[in-house]
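Colleague: Structure below; questions to follow.
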Amino acid sequence: MKHIPRKRFGQHFLSDHGIIDAIVRAIGPEPGQPMVEIGPGLAALTQPLVERLGRLTVIELDRDLAARLRLHGQLDVIESDVLKVDFAQVAQSLNAPKVRVVGNLPYNISTPILFHLLEQVHVIEDQHFMLQKEVIDRMVASPSTGDYGRLSVMLQWRYAMEDVLFVPPESFDPPPRVDSAVVRMVPYASPAAVSPALLSELVQVAFSQRRKLLRHTLGRWLQERAFPGTFDTQRRAEEVPVHEYVALAQSLHPA
């Protein structure tokens with residue numbers, strides 16, 4: 001029976017074999033590697049991955065699709081919302097210190113998934129995701145550009161990231177109304193030690209009114225905390241590089 005894509009799950013199924021091959025080459029799966037795929041859908045990417053890996057763990061929320069996937073002898077299916085999945089437990093179940101994570105993420109909840117994985121990055125070897133091109137542009141953006149924002153800072157603090165492949169709408173069934181791309185995310189081995197919650201709050205305050213100088217937002221926030229140091233608030237949030245936000249968070253609360 002043909003599966004009808006469900007809007008509430010943001011389902012757009014990859015159907016272009018040339019693009020699928022390019023994604024698999026970018027991921028570079030090797031036999032025996034512990035890998036988790038988020039949102040396998042109709043297994044367009046799943047099948048070539050499992051052929052190279054030998055076995056693959058998949059996370060699928062759609063009950064009907066999960067039932068189909070269980071018929072595949074080389075898949076371990078976790079039927080769940082990915083936001084509720086403990087990746088440390090998944091790694092433990094695979095007897096692996098870290099797992100590789102891949103997926104065609106639902107565009108409507110891609111950012112929450114990225115932040116959920118950020119909290120569990122200590123058990124992740126690398127991540128390859130297909131996302132809305134606009135989101136990836138924000139993820140990899142440089143300071144002093146329109147795309148640079150909270151997502152850029154929070155992810156660039158913890159990952160080396162690269163936009164590796166453009167994916168047009170016609171590569172999917174049904175075609176989305178946006179362009180897509182594939183991003184590679186490799187966690188830094190020795191990231192700057194900082195409180196993630198504090199950095200997140202600090203950056204959120206900074207970008208809350210991005211057109212105003214930071215003295216109106218972050219400056220007041222620092223005053224309320226009796227910040228004893230110096231920080232140039234005569235700039236806009238997008239002008240401050242990642243390492244300066246991280247250093248400020250460290251000075252406020254050494255991790």
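Chain labels A, B, ... are given in the sequence in which chains occur in the structure tokens; within each chain residues are numbered consecutively from 1, and ligands are likewise numbered from 1 in the order shown.
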With the cut-off set at 6 Å and counting only C-alpha atoms, tabulate each residue of stretch 152-186 of chain A with an atom at most that distance from an atom of stretch 13-30 of chain A, showing the nearest atom pair and its distance in Å to one decimal, ordered by chain and increasing number, as JSON lines.
Modeller:
```
{"residue": "A:Ser171", "atom": "CA", "partner": "A:Asp16", "partner_atom": "CA", "distance": 4.8}
{"residue": "A:Phe172", "atom": "CA", "partner": "A:Leu14", "partner_atom": "CA", "distance": 4.4}
{"residue": "A:Asp173", "atom": "CA", "partner": "A:Phe13", "partner_atom": "CA", "distance": 5.1}
```
Colleague: Pick out the closest residue to A:Val77 from this set: A:Ile59, A:Leu199, A:Ala237, A:Leu94. Count only C-alpha atoms.
Modeller: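 Of the candidates, the smallest distance to A:Val77 is held by A:Ile59.
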Colleague: With distances taken over only C-alpha atoms, which of A:Val240, A:Val123, A:Val50, A:Ile78 is nearest to A:Arg63?
Modeller: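 Of A:Val240, A:Val123, A:Val50, A:Ile78, the one nearest A:Arg63 is A:Ile78, counting only C-alpha atoms.
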Colleague: Rounded to one decimal in Å, what is the spacing between atom CA of A:Thr233 and atom CA of A:Leu214?
Modeller: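 Going from atom CA of A:Thr233 over to atom CA of A:Leu214, I get 4.7 Å.
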Colleague: DSSP on the backbone: which residues in stretch 107-208 of chain A end up as alpha helix (DSSP H)? Give the answer as a PyMOL selection string.
Modeller: chain A and resi 110-118+133-139+150-158+196-206
Colleague: With a distance cut-off of 9 Å and only C-alpha atoms, select the neighbouring residues of A:Asp76, excluding the residue or stretch itself and same-chain residues fewer than 5 positions from it, and output the selection as a PyMOL selection string.
Modeller: chain A and resi 55-59+69-70
Colleague: Near A:Ser80, within 12 Å and counting only C-alpha atoms, which residues show up once chain neighbours fewer than 6 positions away are dropped, as JSON, numbers by chain?
Modeller: {"A": [38, 39, 58, 59, 60, 61, 62, 63, 65, 66, 86]}
Colleague: Can you spit out the residues from that selection as a PDB file, in the first residue's frame, using N, CA, C and O atoms?
Modeller:
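Heads up, here's the output in result20.pdb:
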```pdb
ATOM      1  N   ILE A  38      17.542   9.399  11.787  1.00  0.00           N
ATOM      2  CA  ILE A  38      16.321  10.050  12.262  1.00  0.00           C
ATOM      3  C   ILE A  38      15.364  10.198  11.082  1.00  0.00           C
ATOM      4  O   ILE A  38      15.728  10.729  10.034  1.00  0.00           O
ATOM      5  N   GLY A  39      14.131   9.735  11.249  1.00  0.00           N
ATOM      6  CA  GLY A  39      13.116   9.891  10.214  1.00  0.00           C
ATOM      7  C   GLY A  39      13.424   9.174   8.927  1.00  0.00           C
ATOM      8  O   GLY A  39      13.541   9.801   7.865  1.00  0.00           O
ATOM      9  N   VAL A  58      17.134   3.024  13.521  1.00  0.00           N
ATOM     10  CA  VAL A  58      16.332   4.120  12.963  1.00  0.00           C
ATOM     11  C   VAL A  58      15.306   4.599  13.986  1.00  0.00           C
ATOM     12  O   VAL A  58      14.791   3.808  14.785  1.00  0.00           O
ATOM     13  N   ILE A  59      15.028   5.903  13.954  1.00  0.00           N
ATOM     14  CA  ILE A  59      14.028   6.513  14.832  1.00  0.00           C
ATOM     15  C   ILE A  59      12.894   7.022  13.958  1.00  0.00           C
ATOM     16  O   ILE A  59      13.092   7.904  13.122  1.00  0.00           O
ATOM     17  N   GLU A  60      11.689   6.472  14.134  1.00  0.00           N
ATOM     18  CA  GLU A  60      10.547   6.828  13.297  1.00  0.00           C
ATOM     19  C   GLU A  60       9.321   7.047  14.183  1.00  0.00           C
ATOM     20  O   GLU A  60       8.953   6.186  14.981  1.00  0.00           O
ATOM     21  N   LEU A  61       8.700   8.204  14.022  1.00  0.00           N
ATOM     22  CA  LEU A  61       7.515   8.545  14.808  1.00  0.00           C
ATOM     23  C   LEU A  61       6.229   7.992  14.192  1.00  0.00           C
ATOM     24  O   LEU A  61       5.305   7.596  14.908  1.00  0.00           O
ATOM     25  N   ASP A  62       6.167   7.955  12.862  1.00  0.00           N
ATOM     26  CA  ASP A  62       4.961   7.510  12.163  1.00  0.00           C
ATOM     27  C   ASP A  62       4.761   6.002  12.394  1.00  0.00           C
ATOM     28  O   ASP A  62       5.587   5.179  12.010  1.00  0.00           O
ATOM     29  N   ARG A  63       3.645   5.650  13.004  1.00  0.00           N
ATOM     30  CA  ARG A  63       3.376   4.250  13.382  1.00  0.00           C
ATOM     31  C   ARG A  63       3.365   3.319  12.180  1.00  0.00           C
ATOM     32  O   ARG A  63       3.911   2.209  12.225  1.00  0.00           O
ATOM     33  N   LEU A  65       4.844   3.723   9.223  1.00  0.00           N
ATOM     34  CA  LEU A  65       6.182   3.571   8.660  1.00  0.00           C
ATOM     35  C   LEU A  65       7.060   2.706   9.566  1.00  0.00           C
ATOM     36  O   LEU A  65       7.856   1.892   9.083  1.00  0.00           O
ATOM     37  N   ALA A  66       6.909   2.880  10.882  1.00  0.00           N
ATOM     38  CA  ALA A  66       7.691   2.066  11.829  1.00  0.00           C
ATOM     39  C   ALA A  66       7.370   0.583  11.646  1.00  0.00           C
ATOM     40  O   ALA A  66       8.265  -0.271  11.690  1.00  0.00           O
ATOM     41  N   ASP A  86      16.910   9.330  24.230  1.00  0.00           N
ATOM     42  CA  ASP A  86      18.167   9.509  24.951  1.00  0.00           C
ATOM     43  C   ASP A  86      19.272   8.834  24.135  1.00  0.00           C
ATOM     44  O   ASP A  86      19.370   7.613  24.089  1.00  0.00           O
TER      45      ASP A  86
END
```
Colleague: Can you tell me which residues surround A:Val246 at a distance of at most 8 Å, considering only C-alpha atoms, apart from same-chain residues fewer than 4 positions away, and format the answer as a list of chain:residue names?
Modeller: A:Trp157, A:Ala192, A:Val194, A:Leu199, A:Val242, A:Gln250
Colleague: What separation in Å, quoted to one decimal, exists between atom CA of A:Leu105 and atom CA of A:Gly32?
Modeller: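 Between atom CA of A:Leu105 and atom CA of A:Gly32 the gap works out to 23.8 Å.
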Colleague: Which polymer residues have any atom within 10 Å of an atom of A:Ala189, counting only C-alpha atoms, with same-chain residues fewer than 3 positions away left out, as a PyMOL selection string?
Modeller: chain A and resi 122+125+158-159+186+192
Colleague: Restrict the selected residues to N, CA and C atoms and save them as a PDB file, in the first residue's frame.
Modeller:
```
ATOM      1  N   HIS A 122      28.099  14.694  23.625  1.00  0.00           N
ATOM      2  CA  HIS A 122      29.222  13.898  24.146  1.00  0.00           C
ATOM      3  C   HIS A 122      29.193  12.447  23.664  1.00  0.00           C
ATOM      4  N   GLU A 125      29.528  11.082  17.342  1.00  0.00           N
ATOM      5  CA  GLU A 125      30.765  11.141  16.550  1.00  0.00           C
ATOM      6  C   GLU A 125      30.675  12.231  15.496  1.00  0.00           C
ATOM      7  N   ARG A 158      30.174  24.514  19.371  1.00  0.00           N
ATOM      8  CA  ARG A 158      30.361  23.082  19.674  1.00  0.00           C
ATOM      9  C   ARG A 158      30.723  22.223  18.451  1.00  0.00           C
ATOM     10  N   TYR A 159      30.445  22.718  17.243  1.00  0.00           N
ATOM     11  CA  TYR A 159      30.665  21.898  16.047  1.00  0.00           C
ATOM     12  C   TYR A 159      31.460  22.649  14.984  1.00  0.00           C
ATOM     13  N   VAL A 186      30.610  18.152  12.868  1.00  0.00           N
ATOM     14  CA  VAL A 186      31.577  17.332  13.601  1.00  0.00           C
ATOM     15  C   VAL A 186      31.879  18.017  14.940  1.00  0.00           C
ATOM     16  N   ALA A 192      35.424  24.937  24.035  1.00  0.00           N
ATOM     17  CA  ALA A 192      35.555  25.847  25.169  1.00  0.00           C
ATOM     18  C   ALA A 192      34.570  25.434  26.256  1.00  0.00           C
TER      19      ALA A 192
END
```
Colleague: Go through A:Val82, A:Met161, A:Ala88, A:Leu118 and flag the residue nearest A:Ala141, using only C-alpha atoms for the distances.
Modeller: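 Under the stated criterion, the closest residue is A:Met161.
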Colleague: Looking at A:Gln74, A:Thr145, A:Gln132, A:Ser251, which one is nearest to A:Glu239, with distances taken over only C-alpha atoms?
Modeller: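 So, comparing all the options, the nearest one is A:Thr145.
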Colleague: For the atom pair atom CA of A:Ile136 and atom CA of A:Tyr245, what is the interatomic distance in Å to one decimal place?
Modeller: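 Answer for the atom CA of A:Ile136 to atom CA of A:Tyr245 separation: 20.7 Å.
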